[in-house]
>>> print(open('entry.csv').read())   # CSV, C-alpha atoms
chain,number,residue,atom,x,y,z
Z,1238,MET,CA,4.0,-32.8,3.9
Z,1239,ILE,CA,1.7,-32.0,1.0
Z,1240,THR,CA,-0.6,-29.9,3.2
Z,1241,LYS,CA,2.4,-28.0,4.7
Z,1242,ARG,CA,3.8,-27.4,1.2
Z,1243,PHE,CA,0.7,-26.0,-0.4
Z,1244,LEU,CA,-0.9,-24.2,2.6
Z,1245,PRO,CA,1.1,-21.0,2.0
Z,1246,ILE,CA,-0.1,-21.0,-1.7
Z,1247,PHE,CA,-3.8,-21.7,-1.0
Z,1248,SER,CA,-4.3,-19.8,2.3
Z,1249,PRO,CA,-4.6,-16.3,0.7
Z,1250,LEU,CA,-7.0,-17.7,-1.9
Z,1251,ILE,CA,-9.0,-19.4,0.9
Z,1252,ALA,CA,-9.1,-16.1,2.9
Z,1253,ILE,CA,-10.4,-14.1,0.0
Z,1254,THR,CA,-13.0,-16.7,-1.0
Z,1255,SER,CA,-14.1,-17.0,2.6
Z,1256,ALA,CA,-14.4,-13.2,2.9
Z,1257,LEU,CA,-16.5,-13.0,-0.3
Z,1258,ILE,CA,-18.8,-15.7,1.0
Z,1259,VAL,CA,-19.4,-13.9,4.3
Z,1260,GLY,CA,-19.7,-10.7,2.3
Z,1261,ALA,CA,-22.4,-12.3,0.2
Z,1262,PHE,CA,-24.3,-13.2,3.4
Z,1263,LEU,CA,-24.0,-9.6,4.6
Z,1264,ILE,CA,-25.3,-8.4,1.2
Z,1265,PHE,CA,-28.3,-10.7,1.5
Z,1266,ILE,CA,-29.0,-9.5,5.0
Z,1267,ALA,CA,-29.0,-5.9,3.6
Z,1268,GLY,CA,-31.8,-6.9,1.2
Z,1269,ALA,CA,-29.7,-7.1,-2.0
Z,1270,ASN,CA,-28.9,-10.0,-4.4
Z,1271,PRO,CA,-25.3,-11.2,-3.7
Z,1272,ILE,CA,-24.9,-12.6,-7.2
Z,1273,ALA,CA,-26.1,-9.4,-8.9
Z,1274,ALA,CA,-23.9,-7.3,-6.5
Z,1275,TYR,CA,-20.7,-9.2,-7.2
Z,1276,THR,CA,-21.5,-9.4,-10.9
Z,1277,ALA,CA,-21.8,-5.6,-11.0
Z,1278,LEU,CA,-18.8,-5.2,-8.8
Z,1279,PHE,CA,-16.3,-7.2,-10.9
Z,1280,GLN,CA,-17.8,-6.5,-14.3
Z,1281,GLU,CA,-17.5,-2.8,-13.8
Z,1282,SER,CA,-14.0,-2.9,-12.2
Z,1283,LEU,CA,-12.4,-5.5,-14.5
Z,1284,SER,CA,-14.3,-5.8,-17.8
Z,1285,THR,CA,-15.2,-2.3,-18.8
Z,1286,TYR,CA,-12.6,0.1,-20.2
Z,1287,PHE,CA,-13.2,3.0,-17.9
Z,1288,GLY,CA,-13.8,0.7,-14.9
Z,1289,PHE,CA,-10.5,-1.2,-15.5
Z,1290,GLY,CA,-8.7,2.2,-15.8
Z,1291,ASN,CA,-10.2,3.2,-12.5
Z,1292,THR,CA,-9.1,-0.1,-10.9
Z,1293,LEU,CA,-5.5,0.5,-12.1
Z,1294,THR,CA,-5.7,4.0,-10.7
Z,1295,LYS,CA,-6.6,2.6,-7.2
Z,1296,MET,CA,-4.2,-0.3,-7.6
Z,1297,ALA,CA,-1.1,2.0,-8.1
Z,1298,PRO,CA,-0.9,3.4,-4.5
Z,1299,LEU,CA,-1.8,0.1,-3.0
Z,1300,LEU,CA,1.1,-1.6,-4.9
Z,1301,PHE,CA,3.6,1.1,-3.8
Z,1302,VAL,CA,2.7,0.9,-0.1
Z,1303,SER,CA,2.3,-2.8,0.1
Z,1304,THR,CA,5.7,-3.3,-1.5
Z,1305,GLY,CA,7.2,-1.0,1.2
Z,1306,VAL,CA,5.4,-3.0,3.9
Z,1307,LEU,CA,6.8,-6.2,2.5
Z,1308,PHE,CA,10.3,-4.8,2.3
Z,1309,GLY,CA,10.1,-3.8,5.9
Z,1310,LEU,CA,8.8,-7.2,6.9
Z,1311,LYS,CA,11.8,-8.8,5.2
Z,1312,ALA,CA,14.0,-7.0,7.8
Z,1313,GLY,CA,11.6,-8.0,10.6
Z,1314,GLN,CA,10.0,-4.5,10.8
Z,1315,PHE,CA,6.3,-4.0,10.9
Z,1316,ASN,CA,5.7,-0.6,9.3
Z,1317,ILE,CA,2.1,0.5,9.8
Z,1318,GLY,CA,2.9,4.1,9.1
Z,1319,GLY,CA,2.2,3.9,5.4
Z,1320,GLU,CA,-0.8,6.2,5.7
Z,1321,GLY,CA,1.3,9.0,7.1
Z,1322,GLN,CA,4.1,8.4,4.7
Z,1323,ILE,CA,1.6,8.7,1.8
Z,1324,TYR,CA,0.6,12.1,3.1
Z,1325,PHE,CA,4.2,13.2,3.4
Z,1326,GLY,CA,5.1,11.9,-0.1
Z,1327,ALA,CA,2.1,13.8,-1.5
Z,1328,LEU,CA,3.3,17.0,0.3
Z,1329,GLY,CA,6.8,16.6,-1.2
Z,1330,SER,CA,5.6,16.2,-4.8
Z,1331,THR,CA,3.1,19.0,-4.4
Z,1332,LEU,CA,5.8,21.5,-3.2
Z,1333,VAL,CA,7.9,20.6,-6.2
Z,1334,GLY,CA,4.9,20.7,-8.6
Z,1335,LEU,CA,3.9,24.2,-7.3
Z,1336,TYR,CA,7.2,26.0,-6.7
Z,1337,ILE,CA,9.7,24.6,-9.2
Z,1338,GLN,CA,9.5,25.3,-12.9
Z,1339,ALA,CA,11.1,22.8,-15.3
Z,1340,PRO,CA,10.4,20.8,-18.5
Z,1341,SER,CA,8.4,17.6,-18.0
Z,1342,PHE,CA,11.4,15.2,-18.4
Z,1343,ILE,CA,13.0,16.9,-15.4
Z,1344,HIS,CA,9.9,18.1,-13.4
Z,1345,VAL,CA,8.2,14.7,-13.2
Z,1346,PRO,CA,11.3,12.7,-11.9
Z,1347,LEU,CA,12.1,15.6,-9.5
Z,1348,ALA,CA,8.5,15.6,-8.1
Z,1349,LEU,CA,8.6,11.8,-7.7
Z,1350,LEU,CA,12.0,12.0,-6.0
Z,1351,ALA,CA,10.6,14.6,-3.6
Z,1352,GLY,CA,7.7,12.3,-2.8
Z,1353,PHE,CA,10.1,9.4,-2.1
Z,1354,ILE,CA,12.4,11.6,0.0
Z,1355,PHE,CA,9.6,13.0,2.1
Z,1356,GLY,CA,8.0,9.6,2.7
Z,1357,ALA,CA,11.5,8.1,3.4
Z,1358,PHE,CA,12.1,10.7,6.1
Z,1359,TRP,CA,8.8,9.8,7.7
Z,1360,GLY,CA,9.7,6.1,7.6
Z,1361,TRP,CA,13.3,6.8,8.9
Z,1362,ILE,CA,12.0,8.2,12.1
Z,1363,PRO,CA,10.5,5.0,13.5
Z,1364,GLY,CA,13.4,3.1,12.0
Z,1365,TYR,CA,15.9,5.3,13.9
Z,1366,LEU,CA,13.9,5.0,17.1
Z,1367,LYS,CA,13.7,1.2,16.8
Z,1368,ALA,CA,17.4,0.8,15.9
Z,1369,ILE,CA,19.0,3.3,18.3
Z,1370,ARG,CA,16.5,3.6,21.1
Z,1371,GLY,CA,14.7,0.3,21.0
Z,1372,VAL,CA,11.3,1.9,20.7
Z,1373,ASN,CA,8.7,-0.4,19.1
Z,1374,GLU,CA,8.2,0.6,15.4
Z,1375,VAL,CA,4.5,-0.4,15.4
Z,1376,ILE,CA,3.7,2.3,18.0
Z,1377,THR,CA,5.8,5.0,16.5
Z,1378,SER,CA,4.8,4.5,12.9
Z,1379,LEU,CA,1.1,4.4,14.0
Z,1380,LEU,CA,1.4,7.6,15.9
Z,1381,LEU,CA,3.3,9.3,13.1
Z,1382,ASN,CA,0.2,8.7,10.9
Z,1383,TYR,CA,-1.9,11.1,12.9
Z,1384,ILE,CA,0.9,13.7,13.0
Z,1385,ALA,CA,1.2,13.6,9.2
Z,1386,ILE,CA,-2.6,13.7,8.5
Z,1387,ASN,CA,-3.1,16.6,10.8
Z,1388,LEU,CA,-0.1,18.5,9.4
Z,1389,ILE,CA,-1.4,18.2,5.9
Z,1390,SER,CA,-4.8,19.2,7.2
Z,1391,TYR,CA,-3.3,22.4,8.6
Z,1392,LEU,CA,-1.3,23.1,5.5
Z,1393,THR,CA,-4.3,22.7,3.1
Z,1394,GLN,CA,-6.4,24.9,5.3
Z,1395,ASN,CA,-3.9,27.7,5.7
Z,1396,PRO,CA,-0.6,28.3,3.8
Z,1397,LEU,CA,-1.2,25.9,0.9
Z,1398,LYS,CA,-4.9,26.5,0.5
Z,1399,GLU,CA,-6.0,27.8,-2.9
Z,1400,LEU,CA,-7.5,31.2,-2.8
Z,1401,ASN,CA,-11.4,31.0,-2.3
Z,1402,ALA,CA,-11.3,27.2,-2.4
Z,1403,PRO,CA,-14.6,25.8,-1.1
Z,1404,SER,CA,-12.7,23.0,0.7
Z,1405,PRO,CA,-9.2,22.5,1.9
Z,1406,TYR,CA,-6.9,21.8,-1.0
Z,1407,SER,CA,-3.9,23.4,-2.7
Z,1408,PRO,CA,-3.6,25.0,-6.1
Z,1409,LEU,CA,-3.1,22.8,-9.1
Z,1410,ILE,CA,0.5,21.6,-9.7
Z,1411,ALA,CA,2.2,22.5,-12.9
Z,1412,LYS,CA,1.3,20.4,-16.0
Z,1413,SER,CA,4.9,19.7,-16.4
Z,1414,ALA,CA,4.8,17.8,-13.1
Z,1415,GLN,CA,1.8,15.6,-14.0
Z,1416,LEU,CA,2.0,12.0,-14.9
Z,1417,PRO,CA,0.7,11.0,-18.3
Z,1418,ILE,CA,-2.6,9.1,-18.8
Z,1419,ILE,CA,-1.9,5.6,-20.2
Z,1420,LEU,CA,-5.4,4.7,-21.1
Z,1421,PRO,CA,-7.0,7.6,-23.0
Z,1422,GLY,CA,-10.5,8.5,-21.7
Z,1423,SER,CA,-9.9,6.8,-18.4
Z,1424,LEU,CA,-8.2,7.8,-15.1
Z,1425,ALA,CA,-5.3,5.3,-15.5
Z,1426,HIS,CA,-2.0,7.1,-15.3
Z,1427,GLY,CA,1.7,6.3,-15.4
Z,1428,GLY,CA,1.8,5.6,-11.7
Z,1429,ILE,CA,0.8,2.0,-12.2
Z,1430,LEU,CA,3.6,1.4,-14.6
Z,1431,LEU,CA,6.1,2.9,-12.2
Z,1432,ALA,CA,4.7,0.8,-9.4
Z,1433,ILE,CA,5.2,-2.4,-11.3
Z,1434,ILE,CA,8.8,-1.3,-12.2
Z,1435,VAL,CA,9.4,-0.6,-8.5
Z,1436,VAL,CA,8.1,-4.0,-7.5
Z,1437,GLY,CA,10.5,-5.6,-9.9
Z,1438,ILE,CA,13.4,-3.6,-8.6
Z,1439,ILE,CA,12.6,-4.5,-5.0
Z,1440,TRP,CA,12.3,-8.2,-5.9
Z,1441,ILE,CA,15.8,-8.1,-7.5
Z,1442,ILE,CA,17.2,-6.3,-4.4
Z,1443,VAL,CA,15.7,-8.8,-2.0
Z,1444,ASN,CA,16.4,-12.0,-3.9
Z,1445,ARG,CA,19.4,-11.3,-6.0
Z,1446,SER,CA,21.7,-8.9,-4.1
Z,1447,THR,CA,24.0,-8.9,-1.1
Z,1448,LEU,CA,21.9,-6.1,0.4
Z,1449,GLY,CA,18.8,-8.3,0.2
Z,1450,TYR,CA,20.7,-11.2,1.9
Z,1451,ARG,CA,21.6,-8.9,4.8
Z,1452,ILE,CA,18.1,-7.6,5.1
Z,1453,THR,CA,16.6,-11.1,5.1
Z,1454,ALA,CA,19.3,-12.3,7.6
Z,1455,VAL,CA,18.4,-9.5,10.0
Z,1456,GLY,CA,14.7,-10.3,9.7
Z,1457,LEU,CA,15.3,-14.0,10.4
Z,1458,ASN,CA,17.8,-13.6,13.3
Z,1459,PRO,CA,19.2,-10.2,14.4
Z,1460,LYS,CA,21.6,-11.6,16.9
Z,1461,ALA,CA,23.2,-14.1,14.5
Z,1462,SER,CA,23.4,-11.3,11.9
Z,1463,ASP,CA,25.2,-9.0,14.3
Z,1464,TYR,CA,27.6,-11.9,15.2
Z,1465,ALA,CA,28.2,-12.3,11.5
Z,1466,GLY,CA,29.2,-8.7,11.1
Z,1467,ILE,CA,26.0,-7.3,9.7
Z,1468,SER,CA,25.0,-3.9,11.1
Z,1469,VAL,CA,21.5,-4.6,12.4
Z,1470,GLN,CA,20.9,-1.0,13.3
Z,1471,CYS,CA,21.7,0.3,9.8
Z,1472,THR,CA,19.7,-2.5,8.2
Z,1473,ILE,CA,16.6,-1.6,10.3
Z,1474,MET,CA,16.9,2.1,9.5
Z,1475,LEU,CA,17.4,1.3,5.8
Z,1476,ALA,CA,14.4,-1.0,5.6
Z,1477,MET,CA,12.1,1.5,7.3
Z,1478,THR,CA,13.5,4.3,5.2
Z,1479,VAL,CA,12.9,2.5,1.9
Z,1480,ALA,CA,9.4,1.4,3.1
Z,1481,GLY,CA,8.6,5.0,3.8
Z,1482,GLY,CA,9.9,6.2,0.5
Z,1483,LEU,CA,7.8,3.7,-1.4
Z,1484,ALA,CA,4.7,4.8,0.5
Z,1485,GLY,CA,5.8,8.4,-0.4
Z,1486,LEU,CA,5.7,7.4,-4.1
Z,1487,ALA,CA,2.1,6.4,-3.5
Z,1488,GLY,CA,1.2,9.8,-2.3
Z,1489,ALA,CA,3.2,11.4,-5.2
Z,1490,SER,CA,1.3,9.3,-7.7
Z,1491,GLU,CA,-2.0,10.4,-6.3
Z,1492,VAL,CA,-1.1,14.0,-6.6
Z,1493,MET,CA,0.7,13.8,-9.9
Z,1494,GLY,CA,-1.5,11.3,-11.7
Z,1495,LEU,CA,-5.0,11.7,-10.3
Z,1496,LYS,CA,-5.8,14.8,-8.2
Z,1497,TYR,CA,-3.2,17.2,-9.5
Z,1498,ARG,CA,-3.3,19.0,-6.1
Z,1499,LEU,CA,-2.9,18.2,-2.4
Z,1500,PHE,CA,-6.2,17.5,-0.7
Z,1501,GLU,CA,-6.8,17.4,3.1
Z,1502,GLN,CA,-7.8,13.7,2.8
Z,1503,ILE,CA,-5.5,12.6,0.1
Z,1504,SER,CA,-5.7,8.9,1.0
Z,1505,PRO,CA,-8.9,6.9,1.7
Z,1506,GLY,CA,-6.9,4.4,3.8
Z,1507,TYR,CA,-4.5,3.0,1.3
Z,1508,GLY,CA,-1.8,2.7,3.9
Z,1509,PHE,CA,-3.9,0.3,6.0
Z,1510,ASP,CA,-5.1,-1.7,3.1
Z,1511,ALA,CA,-1.5,-2.2,2.1
Z,1512,ILE,CA,-0.8,-4.1,5.3
Z,1513,ALA,CA,-3.4,-6.7,4.5
Z,1514,ILE,CA,-2.1,-6.9,0.9
Z,1515,ALA,CA,1.5,-7.5,2.1
Z,1516,PHE,CA,0.4,-10.4,4.4
Z,1517,LEU,CA,-2.0,-11.9,1.8
Z,1518,SER,CA,0.8,-12.0,-0.8
Z,1519,ARG,CA,2.9,-14.2,1.5
Z,1520,GLY,CA,6.1,-12.6,0.2
Z,1521,SER,CA,5.3,-13.3,-3.4
Z,1522,VAL,CA,5.8,-10.5,-5.9
Z,1523,LEU,CA,3.1,-12.0,-8.2
Z,1524,GLY,CA,0.9,-12.3,-5.2
Z,1525,LEU,CA,1.5,-8.7,-4.3
Z,1526,VAL,CA,0.4,-7.6,-7.8
Z,1527,LEU,CA,-2.7,-9.8,-7.9
Z,1528,VAL,CA,-3.9,-8.9,-4.4
Z,1529,SER,CA,-3.4,-5.2,-5.1
Z,1530,LEU,CA,-5.5,-5.7,-8.2
Z,1531,PHE,CA,-8.2,-7.4,-6.2
Z,1532,PHE,CA,-8.3,-4.6,-3.6
Z,1533,GLY,CA,-8.2,-2.0,-6.3
Z,1534,ALA,CA,-11.2,-3.8,-8.0
Z,1535,LEU,CA,-13.1,-3.8,-4.8
Z,1536,ARG,CA,-12.6,0.0,-4.4
Z,1537,SER,CA,-13.3,0.7,-8.0
Z,1538,GLY,CA,-16.6,-1.2,-8.3
Z,1539,ALA,CA,-18.0,-0.4,-4.9
Z,1540,ASN,CA,-20.2,2.5,-6.0
Z,1541,VAL,CA,-21.4,0.7,-9.1
Z,1542,MET,CA,-22.4,-2.2,-6.9
Z,1543,GLN,CA,-24.4,0.0,-4.7
Z,1544,ARG,CA,-26.2,1.7,-7.7
Z,1545,SER,CA,-26.8,-1.4,-9.6
Z,1546,ALA,CA,-27.7,-4.0,-6.9
Z,1547,GLY,CA,-28.5,-1.8,-3.9
Z,1548,ALA,CA,-25.7,-3.3,-1.9
Z,1549,PRO,CA,-24.2,-0.9,0.6
Z,1550,VAL,CA,-20.6,0.3,-0.1
Z,1551,THR,CA,-19.7,-0.6,3.5
Z,1552,VAL,CA,-19.8,-4.3,2.5
Z,1553,ILE,CA,-16.6,-3.7,0.6
Z,1554,TYR,CA,-14.8,-2.5,3.8
Z,1555,ALA,CA,-16.3,-5.5,5.6
Z,1556,ILE,CA,-14.9,-7.8,2.9
Z,1557,GLN,CA,-11.4,-6.2,3.3
Z,1558,GLY,CA,-11.6,-6.6,7.0
Z,1559,LEU,CA,-12.8,-10.2,6.8
Z,1560,THR,CA,-10.0,-11.0,4.4
Z,1561,VAL,CA,-7.4,-9.8,7.0
Z,1562,LEU,CA,-9.2,-11.8,9.7
Z,1563,PHE,CA,-9.2,-15.0,7.6
Z,1564,ILE,CA,-5.6,-14.6,6.6
Z,1565,ALA,CA,-4.7,-14.2,10.3
Z,1566,ILE,CA,-6.6,-17.4,11.1
Z,1567,GLY,CA,-4.7,-19.1,8.2
Z,1568,LEU,CA,-1.4,-17.9,9.6
Z,1569,ALA,CA,-2.2,-19.2,13.0
Z,1570,LEU,CA,-3.3,-22.6,11.7
Z,1571,GLU,CA,-0.2,-22.8,9.6
Z,1572,HIS,CA,2.0,-22.0,12.6
Z,1573,ARG,CA,0.2,-24.6,14.7
Z,1574,LEU,CA,0.7,-27.2,11.9
Z,1575,ILE,CA,4.4,-26.4,11.7
Z,1576,GLN,CA,4.8,-26.8,15.5
Z,1577,SER,CA,2.9,-30.1,15.5
Z,1578,ASN,CA,5.1,-31.4,12.7
Z,1579,ASN,CA,8.2,-30.4,14.6
Z,1580,VAL,CA,6.9,-32.2,17.7
Z,1581,ASP,CA,6.1,-35.3,15.6
Z,1582,HIS,CA,9.7,-35.3,14.2
Z,1583,ARG,CA,11.1,-35.3,17.7
>>> encode(input="entry.csv", output="structure tokens")
Amino acid sequence: MITKRFLPIFSPLIAITSALIVGAFLIFIAGANPIAAYTALFQESLSTYFGFGNTLTKMAPLLFVSTGVLFGLKAGQFNIGGEGQIYFGALGSTLVGLYIQAPSFIHVPLALLAGFIFGAFWGWIPGYLKAIRGVNEVITSLLLNYIAINLISYLTQNPLKELNAPSPYSPLIAKSAQLPIILPGSLAHGGILLAIIVVGIIWIIVNRSTLGYRITAVGLNPKASDYAGISVQCTIMLAMTVAGGLAGLAGASEVMGLKYRLFEQISPGYGFDAIAIAFLSRGSVLGLVLVSLFFGALRSGANVMQRSAGAPVTVIYAIQGLTVLFIAIGLALEHRLIQSNNVDHR
């Protein structure tokens, strides 16, 4: 009973620790000192002013998207289309930032809303196909990623490309649509504060509202929920729409708080990292924040680790992949433990 009770708490920690241990071995094989590499990585990303600001900057989109993934999972929907939804959200906020003139107190919320709506639309499509047509949301959301990425590539190379730009990107959005910097002299912007607020709102919806009860019920047992009078189709579409909207906010925050324009490669893979974060958090809001911080720190300190200790940046991506692998192993072991306990009780 003790093992069963505490395994969900310790399995993410064990997964991260195991990934770091294997990562240390890879660093050693690459000819670098693992202790020096990890010291440089985490000192730069967490203990220096600019480095911590950079960590918060990278944490913001991860937190937005992983919250959306977790919200979809509550309804039993596996949204892996966060990457494409980020791109669409970035497009929405860019269009508002470029072509609408308004004071900041109107322009910023309007651009954020556009990012949410564009991302929500891209999340609604696989939700609709799943709810109405029975098409697997994993396949459709994955394929929609490539459509969104290539669409943004076309737009930044053609109609939205800044005149005489050396690479594909749009003109700068208006200053009135830019998010404020929260740590002067660093890259940290208001997107991280908004992300934390959004996490709190989603937690309240899921755990303290009738809507959250319906979403959880559908995720646990769609047939029983339908028998109880809950619209399973509407709930699935709503969950995927909100998940897409939250990922869209990630794209909006990248444009409005960091890059101030739409780039061809606006996301370095935040949508896929968010899947690992959602699973590592095990449904815990605090876990979501902490794991997002961990992944943000990995991305923030990677280049410093390479410069200071000679460890290749690719080790960071290996650690992220290993973390996913170990959490998958942990989930499999936990499932087997639960099954064995159920057999013993019989």
>>> closest_atom_pairs(input="entry.csv", of="segment 1494-1529 of chain Z", to="segment 1327-1335 of chain Z", cutoff="9 Å", atoms="all atoms listed in the file", output="Markdown table")
| residue | atom | partner | partner_atom | distance |
| --- | --- | --- | --- | --- |
| Z:Tyr1497 | CA | Z:Thr1331 | CA | 8.3 |
| Z:Arg1498 | CA | Z:Thr1331 | CA | 6.6 |
| Z:Leu1499 | CA | Z:Thr1331 | CA | 6.4 |
| Z:Ile1503 | CA | Z:Ala1327 | CA | 7.9 |
>>> atom_distance(input="entry.csv", atom1="atom CA of Pro1405 of chain Z", atom2="atom CA of Lys1295 of chain Z")
22.0 Å
>>> residues_around(input="entry.csv", residues="segment 1308-1319 of chain Z", least_positions_apart="6", cutoff="6 Å", atoms="all atoms listed in the file", output="list in words")
Ser1378, Leu1379, Asn1382, Ile1452, Thr1453, Val1455, Gly1456, Ala1476, Met1477, Ala1480, Ala1484 and Gly1508 of chain Z
>>> atom_distance(input="entry.csv", atom1="atom CA of Gly1428 of chain Z", atom2="atom CA of His1344 of chain Z")
15.0 Å
>>> residues_around(input="entry.csv", residues="Tyr1554 of chain Z", least_positions_apart="4", cutoff="12 Å", atoms="all atoms listed in the file", output="JSON, numbers by chain")
{"Z": [1256, 1257, 1260, 1263, 1505, 1506, 1507, 1509, 1510, 1532, 1535, 1536, 1539, 1549, 1550, 1558, 1559, 1560, 1561]}
>>> residues_around(input="entry.csv", residues="segment 1267-1281 of chain Z", least_positions_apart="3", cutoff="6 Å", atoms="all atoms listed in the file", output="PyMOL selection string")
chain Z and resi 1261+1264+1284-1285+1288+1538+1542+1546-1548
>>> closest_residue(input="entry.csv", among="Z:Asn1540, Z:Ser1521, Z:Gln1576, Z:Ser1282", to="Trp1440 of chain Z", atoms="all atoms listed in the file")
Z:Ser1521
>>> closest_residue(input="entry.csv", among="Z:Asn1395, Z:Gln1415, Z:Gln1322, Z:Asn1373", to="Leu1347 of chain Z", atoms="only C-alpha atoms")
Z:Gln1415
>>> residues_near_point(input="entry.csv", point="(-3.8, -18.9, -1.8)", cutoff="12 Å", atoms="all atoms listed in the file", output="MDAnalysis selection string")
chainID Z and resid 1242:1255 1516:1521 1523:1525 1527:1528 1560 1563:1564 1567:1568
>>> residues_around(input="entry.csv", residues="Gln1470 of chain Z", least_positions_apart="3", cutoff="9 Å", atoms="all atoms listed in the file", output="count of residues only")
9
>>> atom_distance(input="entry.csv", atom1="atom CA of Leu1350 of chain Z", atom2="atom CA of Leu1486 of chain Z")
8.0 Å
>>> residues_around(input="entry.csv", residues="Gly1437 of chain Z", least_positions_apart="6", cutoff="12 Å", atoms="all atoms listed in the file", output="PDB file with C-alpha atoms, in the frame of the given file")
ATOM      1  CA  LEU Z1300       1.100  -1.600  -4.900  1.00  0.00           C
ATOM      2  CA  PHE Z1301       3.600   1.100  -3.800  1.00  0.00           C
ATOM      3  CA  THR Z1304       5.700  -3.300  -1.500  1.00  0.00           C
ATOM      4  CA  LEU Z1430       3.600   1.400 -14.600  1.00  0.00           C
ATOM      5  CA  LEU Z1431       6.100   2.900 -12.200  1.00  0.00           C
ATOM      6  CA  VAL Z1443      15.700  -8.800  -2.000  1.00  0.00           C
ATOM      7  CA  ASN Z1444      16.400 -12.000  -3.900  1.00  0.00           C
ATOM      8  CA  ARG Z1445      19.400 -11.300  -6.000  1.00  0.00           C
ATOM      9  CA  SER Z1521       5.300 -13.300  -3.400  1.00  0.00           C
ATOM     10  CA  VAL Z1522       5.800 -10.500  -5.900  1.00  0.00           C
ATOM     11  CA  LEU Z1523       3.100 -12.000  -8.200  1.00  0.00           C
ATOM     12  CA  LEU Z1525       1.500  -8.700  -4.300  1.00  0.00           C
ATOM     13  CA  VAL Z1526       0.400  -7.600  -7.800  1.00  0.00           C
TER      14      VAL Z1526
END
>>> residues_near_point(input="entry.csv", point="(0.2, 10.5, 13.2)", cutoff="12 Å", atoms="all atoms listed in the file", output="list of chain:residue names")
Z:Ile1317, Z:Gly1318, Z:Gly1319, Z:Glu1320, Z:Gly1321, Z:Gln1322, Z:Ile1323, Z:Tyr1324, Z:Phe1325, Z:Trp1359, Z:Gly1360, Z:Pro1363, Z:Val1375, Z:Ile1376, Z:Thr1377, Z:Ser1378, Z:Leu1379, Z:Leu1380, Z:Leu1381, Z:Asn1382, Z:Tyr1383, Z:Ile1384, Z:Ala1385, Z:Ile1386, Z:Asn1387, Z:Leu1388, Z:Ile1389, Z:Ser1390
>>> write_last_selection(input="entry.csv", atoms="C-alpha atoms", output="PDB file, in the frame of the given file")
ATOM      1  CA  ILE Z1317       2.100   0.500   9.800  1.00  0.00           C
ATOM      2  CA  GLY Z1318       2.900   4.100   9.100  1.00  0.00           C
ATOM      3  CA  GLY Z1319       2.200   3.900   5.400  1.00  0.00           C
ATOM      4  CA  GLU Z1320      -0.800   6.200   5.700  1.00  0.00           C
ATOM      5  CA  GLY Z1321       1.300   9.000   7.100  1.00  0.00           C
ATOM      6  CA  GLN Z1322       4.100   8.400   4.700  1.00  0.00           C
ATOM      7  CA  ILE Z1323       1.600   8.700   1.800  1.00  0.00           C
ATOM      8  CA  TYR Z1324       0.600  12.100   3.100  1.00  0.00           C
ATOM      9  CA  PHE Z1325       4.200  13.200   3.400  1.00  0.00           C
ATOM     10  CA  TRP Z1359       8.800   9.800   7.700  1.00  0.00           C
ATOM     11  CA  GLY Z1360       9.700   6.100   7.600  1.00  0.00           C
ATOM     12  CA  PRO Z1363      10.500   5.000  13.500  1.00  0.00           C
ATOM     13  CA  VAL Z1375       4.500  -0.400  15.400  1.00  0.00           C
ATOM     14  CA  ILE Z1376       3.700   2.300  18.000  1.00  0.00           C
ATOM     15  CA  THR Z1377       5.800   5.000  16.500  1.00  0.00           C
ATOM     16  CA  SER Z1378       4.800   4.500  12.900  1.00  0.00           C
ATOM     17  CA  LEU Z1379       1.100   4.400  14.000  1.00  0.00           C
ATOM     18  CA  LEU Z1380       1.400   7.600  15.900  1.00  0.00           C
ATOM     19  CA  LEU Z1381       3.300   9.300  13.100  1.00  0.00           C
ATOM     20  CA  ASN Z1382       0.200   8.700  10.900  1.00  0.00           C
ATOM     21  CA  TYR Z1383      -1.900  11.100  12.900  1.00  0.00           C
ATOM     22  CA  ILE Z1384       0.900  13.700  13.000  1.00  0.00           C
ATOM     23  CA  ALA Z1385       1.200  13.600   9.200  1.00  0.00           C
ATOM     24  CA  ILE Z1386      -2.600  13.700   8.500  1.00  0.00           C
ATOM     25  CA  ASN Z1387      -3.100  16.600  10.800  1.00  0.00           C
ATOM     26  CA  LEU Z1388      -0.100  18.500   9.400  1.00  0.00           C
ATOM     27  CA  ILE Z1389      -1.400  18.200   5.900  1.00  0.00           C
ATOM     28  CA  SER Z1390      -4.800  19.200   7.200  1.00  0.00           C
TER      29      SER Z1390
END
>>> closest_residue(input="entry.csv", among="Z:Leu1574, Z:Gln1502, Z:Ser1545, Z:Val1469", to="Leu1392 of chain Z", atoms="all atoms listed in the file")
Z:Gln1502
>>> closest_residue(input="entry.csv", among="Z:Gln1338, Z:Ser1504, Z:Thr1551, Z:Ser1490", to="Lys1412 of chain Z", atoms="all atoms listed in the file")
Z:Gln1338
>>> decode(input="entry.csv", residues="segment 1319-1323 of chain Z", atoms="N, CA and C atoms", output="PDB file, in the first residue's frame")
ATOM      1  N   GLY Z1319       0.304  20.425 -30.226  1.00  0.00           N
ATOM      2  CA  GLY Z1319       0.684  21.694 -29.614  1.00  0.00           C
ATOM      3  C   GLY Z1319       1.630  22.520 -30.454  1.00  0.00           C
ATOM      4  N   GLU Z1320       2.526  21.856 -31.177  1.00  0.00           N
ATOM      5  CA  GLU Z1320       3.498  22.593 -31.991  1.00  0.00           C
ATOM      6  C   GLU Z1320       2.786  23.413 -33.064  1.00  0.00           C
ATOM      7  N   GLY Z1321       1.869  22.781 -33.782  1.00  0.00           N
ATOM      8  CA  GLY Z1321       1.129  23.512 -34.799  1.00  0.00           C
ATOM      9  C   GLY Z1321       0.249  24.593 -34.211  1.00  0.00           C
ATOM     10  N   GLN Z1322      -0.331  24.331 -33.056  1.00  0.00           N
ATOM     11  CA  GLN Z1322      -1.168  25.320 -32.386  1.00  0.00           C
ATOM     12  C   GLN Z1322      -0.352  26.517 -31.910  1.00  0.00           C
ATOM     13  N   ILE Z1323       0.906  26.286 -31.530  1.00  0.00           N
ATOM     14  CA  ILE Z1323       1.809  27.384 -31.203  1.00  0.00           C
ATOM     15  C   ILE Z1323       1.997  28.286 -32.422  1.00  0.00           C
TER      16      ILE Z1323
END
